[in-house]
Each structure stands twice: as C-alpha cells, then as structure tokens.
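Undergrad: My questions will all concern the structure given below.
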Amino acid sequence: MTIMIDTGNRIAAKAAVMAKPEVVAAYPITPQTTLVEAIAEYVARGEYKGEYICVESEHSAMSACIGASAAGSRTFTATSSQGLLLMHEMLHWAALARLPVVMCNVNRVVGPGWNIWVDENDSISQRDTGWIQFYCSSNQEIFDTVIHAFKLAEHEKVVLPVMVNLNAFILSHTSMPAEIPDQNVVDNYLEKYIPKWKLDIDNPTTFGNIIGPAHYYRVRRAMQDAQLNAKKLIPQIAKEWMKLSGYFHGDLLEYYKCDGAEYILLSMGAIGAESKIAIDELQKAGQKIGLARVRVIRPFPVEDIIKLGKQADLVVIDRNISVGLEGALFTEVKAALYGQSDAKATGFIAGLGGKDVTYKDIETMCMKSMKGKVKEQELYGMEE
Amino acid sequence: MALKDLPVDECLLQGNASCPGCPATIGLRLVLKALGKKTIMVVPACCTAVIESLYPYTSFDVPVMNIAFEAAAAGASGVEAALRQQGRTDITVVAWAGDGGTYDIGLQALSGALERGTNFIYICYNNQIYSNTGIQRSGATPFAAWTTTTVGGKTEFRKELGEIILAHHIPYAAQTCISYPEDLYNKIKKAMSIKGSKYVEILAPCPPGWRFSMDKTLEMGRLAVDTGAWSLWECENDVMTFNGKSKLLLEKKIERKPIEEWIKYQGRFSHLFKPELDEKRLQAIQEHIDHLWERYRKCYVKI
C-alpha cells in the first residue's frame, strides 16, 4: 500500500491502469485531459502495457471501446460534458450490446456558452442509456469506485457498462491523499476478464443484426434484470473491497449521522462531501437532520429511498435541471416514495454553471426546508 | 487468379435477404472468398444489415459486429487493438461499409483510423446512394442523378474520395468493381498481405437505386469503367497503377466510350433524355469526366 497525493483525474488514471484494461481509447476534453495525459505517461514509462488508441473524437472513443470489448478485451475510456454528449448514441450501443466498458466522466457544464466548471447535466442526461452510474465525493472513492466498476460491469449477472462520475475541478483537479493498494490486491479482486460473448472466428456469430419486436423486447428486459442485479451486487462488491482495502464509501447510498434524524438530506458528488460538514454543523445546533449521499443513480436505489421516507422527511439537492420539470434526483426520489411513504420531499437546484456550493449554503437550504418554507423545489443561490 | 480458380468455400451463405441482382452480395461473396474464415467483420448501418438477415439467423459464416452508421472504422480500430493484445494477429479485421457510411457520415472515423495506421482493411461498397434508407443522395451520387432527395437530378458532382484516401498515404488503396471478379479478388488478397491501413472501394451498381433491370448489374459496372465514370486502380506505397481497361484508357490504347453509353440504361438519368434531350447537363457530365481523366493522365502517366 502507498499513499498517493494527487488529483482526482490522476488517481482515476492510476486505478484504471491498475485494473489492466487491454484497450484504452480516449479523446481529450477539459477537464478530463489530465486523466488521459496520466495514462499516456503510464504508456511512456511502460507501466501500462495495453493498447492506447488516441482516437479523433469521443464518438470514436466509445466505438473503439465497443469494438475492443466485443473482441473480448477489458476496456476503459474517459470523457466529460460535450464529449459524453457526442458519445450518446454509442452509450446506448454499448449497453444494448451488453459490453462491460468502464468510463470516467468528469461532470462539466454543457454549452453554450462555454463553461468548464461543474454541474451534472451531462451525465444526468444519459440516465436512460442503460449504463450504471456512480457519483464520487473524494479521490479515495474515485480510486475504489473505478476498481469496483470493472468488477461490477464484468459480473456475469450484470454485463453492462459502468460510468464513474467525478465533479470537474472540485475532484478532477484537487489533490487529496488516496491509499493505493498493491497491484496484487487489485489483481486478486479483479480476476482476468472472461467475456460472456465475443467475436470469435471459431464460433462465427452475427451481433446486432436486424431484430424483430419479440426478440428486442427480451433484450430490453434482460438489461433491466441486469440493472436490478447490479443493485443487489453493489453493496456486496463494496463490502468485499472493504475487506481487502479497508475502504468503504457506502452501498448505493452513504448514510451519515442518520440515527434519530427527522430530516434526511439527499445529495450527490462533491455537494455530497460538503453536505457532511453541513450536517455536523446543523446537528451541533440541535437540528435532527442526517445525510444520505446518493452514490448510484442507475440502478436507482428505490428501496433505500423508501426506507428513508419511512424514517424522515427528505431534502434533495440537485446539481442539474431537467428543464421543464425540476432536478432529476428530486423527481426520482418522489417517484420512489409514491404510494410507499407519506414523507414530505422538498428540494433545491444548486450550483449550476459551476457556482460554488459551500456547507453554509447547504445549511441554509436545509434550514429553509425544515422550517417549511419550501413548497416543492427552488433554485438556490441564483443572483438576480 | 482466374475466376475458375477462386476458392469454392462460401462465407456468405445462401438464403439471405438481398434484392435480386444485388451487387453488394456479389461483392461480399468475392471478398469473403478472398478473406476466408479467419476474418472479423465490422458493419455499420447499410444494406448489408439486411443481407445479414433477421436475428436469430445470419447469412455470414464469419463473426460480424454491427455498429452505428458513422462508427465502422472506429469500431474496427477497437477490434484490431484487442486482437493485437490477445496475440491474435492471424485474424484479418475488415470494416465493410456503404458509400453513405464512408463518403459522408463515417468519413471522420475512417480518416482517423487511416491516420493512426490501424491494421485493417476498410472496404467501401459504393452504390452511389443511401440505398438501405430508400435511395437518397450521398456524397458519391453523380451529378444529375435522380434520387428521392434530388428529385430533379443532383446539382453537385460526386466527391473524389479516392484522392482523399490517397492523401493519407496508407500502404495500400484500390478501386475495383463487382463486374471484375479477378481484379476484386486479387486486390483483397493483396490488401491482406500488407500490414497497416488498407482501403478498397468497390463500385456496386444497384438495380433499384439506379433504376435498371436486375439482370444488368454486371453490365452497368463494365460500362462505368468503359466510359471512365469509374476506374480500376491500386496505389501501393504511393505508387499508382491503373488496372485492366482503366489502364488502357489512361494510356489511350482504347477509346473511352461516351458517358451516354452508361447513363442511358439507368432510369435515374432518364430525365436527361425525355421529354427532351438535356444537352447542357449531358455535356456537363461528359466534360467533368474528360477533366477527371486529363488530371489522371497528368498525375499518373509516366513520361
């Protein structure tokens, strides 16, 4: 074990290389660039021995990962914002083809105008592609989640691509210490990848040809089953890793000081980390509020949300907006509660366009909700 | 290799879903005879998705990965990289795409793969239209040709993709046509013997798309070459050679037939002949081809 003090991007690259993908295909985009640059350095030093394809677009990055994965290799890529959006077609393709590609996405604002700071509209708008989606809140969690992602994606009951999200700059470019296990720990945890299907000259099969409604329906149902399997496996995988590495960041959610709470805050990503400080402060002031940091939005932790709804009223912070409705997490939390709990859910949209969200802001939002001053969902911190 | 000596093994199986007289099927059959079973094919959206037939059946006896329209070359790059890591360098990776997927939507990925020197063969079967979607114009559609999106005839000349490919200076690029099976077979064989990026384009006259009788597919290909509307050539390590009749045309050992000899059989050009002769556009087509061949001569005839 070593301690690595470095940025989220470079720690993600370290994890990716230690997972030994046979093929990495990537295209640079701010603020993901230092991640792919770090992989290029591992290639230059001979520490990464796989193929590193410097493609000419993100669409091609995902297409190349699809090709490599279909040929039976473990694959990795990374992107952000516009790049993720350009990949959109191929995100569906990878998931429908049941290819366990692993990707880091550095959450960045979508243009226009050009803005490289954090918000989560990029990945939130990819919820329906069939990818499993994690959101990290520290560099240690980034390392561990990238390793988990391969384990989960390749699990025989899942076989779906996994996206590991890290917020732009707050995580991608901020140095924090992370414990890096020895290579043999990772090797033992991630067995050699044996594909469920592959392009094989000894068993020539045609993948993805024209398909009628009856068979297509089955393909979609199998994807749904796989996502639901992942929901059961994520806690198990996280616990297995804890035994090996000592680190645990939560199951589908990370609970923080929820015992006896009458209100529970739900947030994601870097706001999720900042929320812990807000909860500490609020509890010090006598408020009965805890935190459930949402780590996974696909599969969506419906059962866990219902459990929370039976205990407390919920306050949801979204760093995204589904324009014409509300924050996506808020919608999904309410959908989970429907008919299952009488808990009141109120929400905020905060930090769009990279606007800073401090623990003080989070305290303010929570207090406003707890005082009953929020009707449904509000935009927080917008300067008129 | 003479026609009678081509391998008898078929990797394109009987009973597929192509149209009668389909040139893509002729091309695939010949290409797969040359490639053999140690081949992985990557196919974007195109008529071949139909020829493959309906899941859970297939007409291919080699592994095929279908991929999105613009992604054939990138997908093949991934397959090739994976095979190299696995030590399977005995397998030929082939992207097989139509002209829409090559000239237009897939050009970026193709250019990227060629620039990276991806060790694969990219084959474009060019029927000069988006045929799978029902005959729309592509960058390969010739001037004045009717398509469902160029109802009065296309107003632009086709793109010279061959020259764009040559600008990548890949070790092997070639143009052929389904009407010349030996030429086609030999070019695929040569491409297989060379490491790096190879590009082969096959002219594929499409009966429903070009509006000619389904028993005239081969003839339409031959006339395209005779009139100079298409040419057979190969370029190995930047050395350009015209082949067969195209070589004779280049060296002026035979006369190029007037372009009308090719287009008069195709319903897609019928508006140039009736209700009255459109001399202006017919002349423009002929001049364009004359100019093309002058350029070929300037560039490729050794003095």
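Every chain in the structure tokens has a letter given in the order shown (A, B, ...), and although residue numbers restart at 1 in each chain, ligands are simply numbered from 1 in the order shown.
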For A:Val17, work out the shell of residues within 8 Å, counting only C-alpha atoms and skipping chain neighbours fewer than 4 positions away, then give it as a PyMOL selection string.

TA: chain A and resi 13+21+39+42+48

Undergrad: Next, dump the selected residues to file, keeping only N, CA and C atoms, as an mmCIF file, in the first residue's frame.

TA:
data_model
loop_
_atom_site.group_PDB
_atom_site.id
_atom_site.type_symbol
_atom_site.label_atom_id
_atom_site.label_comp_id
_atom_site.auth_asym_id
_atom_site.auth_seq_id
_atom_site.Cartn_x
_atom_site.Cartn_y
_atom_site.Cartn_z
ATOM 1 N N ALA A 13 -6.858 7.680 -13.197
ATOM 2 C CA ALA A 13 -5.970 7.050 -14.186
ATOM 3 C C ALA A 13 -5.179 5.915 -13.552
ATOM 4 N N PRO A 21 -6.791 -2.784 -18.189
ATOM 5 C CA PRO A 21 -7.591 -2.956 -19.409
ATOM 6 C C PRO A 21 -6.668 -3.230 -20.587
ATOM 7 N N ILE A 39 -2.590 8.605 -18.287
ATOM 8 C CA ILE A 39 -2.498 7.266 -18.892
ATOM 9 C C ILE A 39 -1.375 7.245 -19.930
ATOM 10 N N TYR A 42 1.783 6.704 -18.234
ATOM 11 C CA TYR A 42 1.983 5.291 -17.872
ATOM 12 C C TYR A 42 2.437 4.486 -19.083
ATOM 13 N N TYR A 48 1.901 0.917 -18.322
ATOM 14 C CA TYR A 48 0.650 0.432 -18.893
ATOM 15 C C TYR A 48 0.995 -0.258 -20.206
#

Undergrad: Within 6 Å of A:Gln377, counting only C-alpha atoms, which residues qualify if same-chain residues fewer than 3 places away don't, as a ChimeraX atom specification?

TA: /A:346-348

Undergrad: Go ahead and dump the residues you just picked, N, CA and C atoms, as a tab-separated table (two decimals), in the first residue's frame.

TA:
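Saved result, out-v4.tsv, follows:
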chain	number	residue	atom	x	y	z
A	346	THR	N	-38.85	17.96	-0.22
A	346	THR	CA	-38.65	19.29	-0.81
A	346	THR	C	-37.25	19.32	-1.40
A	347	GLY	N	-37.04	20.22	-2.32
A	347	GLY	CA	-35.74	20.18	-3.00
A	347	GLY	C	-35.22	21.52	-3.43
A	348	PHE	N	-33.94	21.50	-3.81
A	348	PHE	CA	-33.25	22.68	-4.33
A	348	PHE	C	-32.44	22.29	-5.55

Undergrad: Hey, what's within 12 Å of A:Gly72 if we count only C-alpha atoms and toss same-chain stuff fewer than 5 positions away? As a PyMOL selection string, please?

TA: (chain A and resi 21-23+65-67+98-101+154+192-200) or (chain B and resi 78-86+88)

Undergrad: Would you mind exporting C-alpha atoms of the selected residues as a compact mmCIF listing (two decimals), in the first residue's frame?

TA:
# COMPACT_ATOMS: atom_id res chain seq x y z
CA PRO A 21 -7.59 -2.96 -19.41
CA GLU A 22 -6.26 -4.37 -22.66
CA VAL A 23 -7.56 -1.37 -24.60
CA CYS A 65 -14.15 0.56 -26.80
CA ILE A 66 -17.21 -1.23 -28.15
CA GLY A 67 -15.11 -2.97 -30.81
CA ARG A 98 -24.05 -5.81 -23.24
CA LEU A 99 -20.42 -4.71 -23.27
CA PRO A 100 -18.79 -4.03 -19.89
CA VAL A 101 -16.93 -0.86 -20.87
CA GLU A 154 -17.98 -7.74 -15.86
CA LYS A 192 -8.96 -11.95 -15.54
CA TYR A 193 -11.80 -10.81 -17.74
CA ILE A 194 -13.63 -13.68 -19.39
CA PRO A 195 -16.22 -12.24 -21.78
CA LYS A 196 -19.76 -13.53 -21.79
CA TRP A 197 -19.75 -13.26 -25.58
CA LYS A 198 -17.17 -12.16 -28.12
CA LEU A 199 -16.35 -12.00 -31.80
CA ASP A 200 -14.85 -15.45 -32.28
CA GLY B 78 -11.06 -1.34 -31.26
CA VAL B 79 -11.40 -4.90 -32.55
CA GLU B 80 -7.92 -4.73 -34.06
CA ALA B 81 -6.33 -3.36 -30.88
CA ALA B 82 -7.97 -6.06 -28.77
CA LEU B 83 -6.84 -8.84 -31.10
CA ARG B 84 -3.28 -7.49 -31.05
CA GLN B 85 -3.30 -7.57 -27.24
CA GLN B 86 -4.61 -11.12 -27.35
CA ARG B 88 -4.42 -12.94 -32.49

Undergrad: At most 10 Å is the cut-off: for each residue in chain B with any atom that close to an atom of chain A, write down the nearest atom pair and the distance in Å rounded to one decimal, counting only C-alpha atoms, chain first then increasing number, as CSV.

TA:
residue,atom,partner,partner_atom,distance
B:Lys37,CA,A:Ile201,CA,6.8
B:Lys38,CA,A:Ile201,CA,6.0
B:Thr39,CA,A:Ile201,CA,6.8
B:Ile40,CA,A:Ile201,CA,7.1
B:Met41,CA,A:Leu199,CA,9.1
B:Val42,CA,A:Gly67,CA,8.4
B:Val43,CA,A:Asn209,CA,9.5
B:Ala45,CA,A:Asn209,CA,9.5
B:Thr48,CA,A:Asn209,CA,9.3
B:Ala49,CA,A:Asn209,CA,5.8
B:Val50,CA,A:Ile210,CA,6.9
B:Ile51,CA,A:Asn209,CA,9.4
B:Glu52,CA,A:Asn209,CA,6.7
B:Ser53,CA,A:Ile210,CA,6.7
B:Leu54,CA,A:Ile210,CA,5.0
B:Tyr55,CA,A:Ile211,CA,5.0
B:Pro56,CA,A:Ile211,CA,7.7
B:Tyr57,CA,A:Thr206,CA,8.2
B:Thr58,CA,A:Thr206,CA,6.3
B:Ser59,CA,A:Thr206,CA,8.6
B:Phe60,CA,A:Thr206,CA,7.1
B:Asp61,CA,A:Pro204,CA,5.8
B:Val62,CA,A:Pro204,CA,4.7
B:Pro63,CA,A:Pro204,CA,4.1
B:Val64,CA,A:Thr206,CA,4.6
B:Met65,CA,A:Phe207,CA,5.0
B:Asn66,CA,A:Gly208,CA,5.2
B:Ile67,CA,A:Gly208,CA,7.5
B:Ala68,CA,A:Met90,CA,7.5
B:Glu70,CA,A:Ser60,CA,8.7
B:Ala71,CA,A:Ser63,CA,6.1
B:Ala72,CA,A:Ser63,CA,8.1
B:Ala73,CA,A:Ser60,CA,8.4
B:Ala74,CA,A:Ala64,CA,5.0
B:Gly75,CA,A:Ala64,CA,4.5
B:Ala76,CA,A:Gly67,CA,6.0
B:Ser77,CA,A:Ala64,CA,5.8
B:Gly78,CA,A:Ala64,CA,3.9
B:Val79,CA,A:Ala68,CA,4.4
B:Glu80,CA,A:Ala68,CA,7.3
B:Ala81,CA,A:Glu51,CA,6.2
B:Ala82,CA,A:Ala68,CA,4.9
B:Leu83,CA,A:Ala71,CA,6.9
B:Arg84,CA,A:Glu51,CA,8.4
B:Gln85,CA,A:Glu22,CA,6.3
B:Gln86,CA,A:Ser73,CA,8.0
B:Ile91,CA,A:Ile201,CA,8.2
B:Gln108,CA,A:Glu56,CA,7.6
B:Ala109,CA,A:Ser60,CA,6.4
B:Leu110,CA,A:Glu56,CA,9.7
B:Ser111,CA,A:Glu56,CA,8.7
B:Gly112,CA,A:Glu56,CA,5.6
B:Ala113,CA,A:Val55,CA,7.7
B:Glu115,CA,A:Glu56,CA,9.6
B:Arg116,CA,A:Cys54,CA,8.2
B:Thr118,CA,A:Ile53,CA,9.6

Undergrad: Could you take the residues named above and write them with C-alpha atoms, as a short mmCIF file (atom, residue, chain, number, x, y, z; two decimals), in the first residue's frame?

TA:
data_model
loop_
_atom_site.label_atom_id
_atom_site.label_comp_id
_atom_site.auth_asym_id
_atom_site.auth_seq_id
_atom_site.Cartn_x
_atom_site.Cartn_y
_atom_site.Cartn_z
CA LYS B 37 -12.74 -17.72 -42.25
CA LYS B 38 -10.05 -16.01 -40.19
CA THR B 39 -11.88 -12.72 -40.57
CA ILE B 40 -13.87 -10.45 -38.28
CA MET B 41 -16.19 -8.01 -39.99
CA VAL B 42 -17.45 -4.71 -38.66
CA VAL B 43 -20.54 -3.47 -40.49
CA ALA B 45 -25.78 0.73 -41.00
CA THR B 48 -25.56 -5.45 -45.53
CA ALA B 49 -27.53 -5.30 -42.29
CA VAL B 50 -30.42 -6.58 -44.39
CA ILE B 51 -28.29 -9.10 -46.25
CA GLU B 52 -27.21 -10.49 -42.86
CA SER B 53 -30.89 -11.42 -42.39
CA LEU B 54 -33.13 -11.29 -39.37
CA TYR B 55 -31.98 -12.24 -35.84
CA PRO B 56 -31.59 -15.05 -34.70
CA TYR B 57 -30.42 -16.05 -38.19
CA THR B 58 -27.44 -14.87 -40.17
CA SER B 59 -26.08 -15.27 -43.68
CA PHE B 60 -22.46 -14.85 -42.60
CA ASP B 61 -20.08 -17.64 -41.70
CA VAL B 62 -17.56 -15.23 -40.16
CA PRO B 63 -18.11 -13.22 -36.96
CA VAL B 64 -19.83 -9.90 -37.67
CA MET B 65 -20.26 -6.91 -35.39
CA ASN B 66 -22.85 -4.39 -36.45
CA ILE B 67 -22.14 -0.84 -35.37
CA ALA B 68 -23.64 2.62 -35.74
CA GLU B 70 -20.54 6.58 -38.59
CA ALA B 71 -18.55 4.18 -36.46
CA ALA B 72 -17.25 1.36 -38.68
CA ALA B 73 -13.61 2.42 -38.78
CA ALA B 74 -13.50 3.31 -35.08
CA GLY B 75 -15.20 0.05 -34.10
CA ALA B 76 -12.73 -1.88 -36.26
CA SER B 77 -9.85 0.02 -34.58
CA GLY B 78 -11.06 -1.34 -31.26
CA VAL B 79 -11.40 -4.90 -32.55
CA GLU B 80 -7.92 -4.73 -34.06
CA ALA B 81 -6.33 -3.36 -30.88
CA ALA B 82 -7.97 -6.06 -28.77
CA LEU B 83 -6.84 -8.84 -31.10
CA ARG B 84 -3.28 -7.49 -31.05
CA GLN B 85 -3.30 -7.57 -27.24
CA GLN B 86 -4.61 -11.12 -27.35
CA ILE B 91 -7.16 -12.63 -37.91
CA GLN B 108 -14.14 11.31 -39.88
CA ALA B 109 -13.74 7.93 -38.21
CA LEU B 110 -12.24 6.49 -41.41
CA SER B 111 -9.73 9.32 -41.71
CA GLY B 112 -8.80 8.92 -38.06
CA ALA B 113 -8.24 5.18 -38.41
CA GLU B 115 -4.06 8.38 -39.91
CA ARG B 116 -3.41 6.07 -36.95
CA THR B 118 -4.86 0.87 -37.97
#

Undergrad: B:Gly106, B:Gly162, B:Pro207, B:Gly98: which is nearest B:Pro20, counting only C-alpha atoms?

TA: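 Once distances to B:Pro20 are computed over only C-alpha atoms, the minimum belongs to B:Pro207.
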
Undergrad: From the options A:Ile5, A:Ala273, A:Ala328, A:Ala345, which residue's atoms come nearest to A:Leu308, counting only C-alpha atoms?

TA: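 For A:Leu308, the nearest of the candidates is A:Ala345.
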
Undergrad: Counting only C-alpha atoms, figure out which residue out of B:Lys159, B:Arg29, B:Arg297, B:Lys154 gets nearest to B:Leu250.

TA: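 Looking only at the distances to B:Leu250, the closest residue turns out to be B:Arg297.
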
Undergrad: One decimal, Å: what's the distance from atom CA of B:Leu107 over to atom CA of B:Phe69, could you say?

TA: 10.6 Å
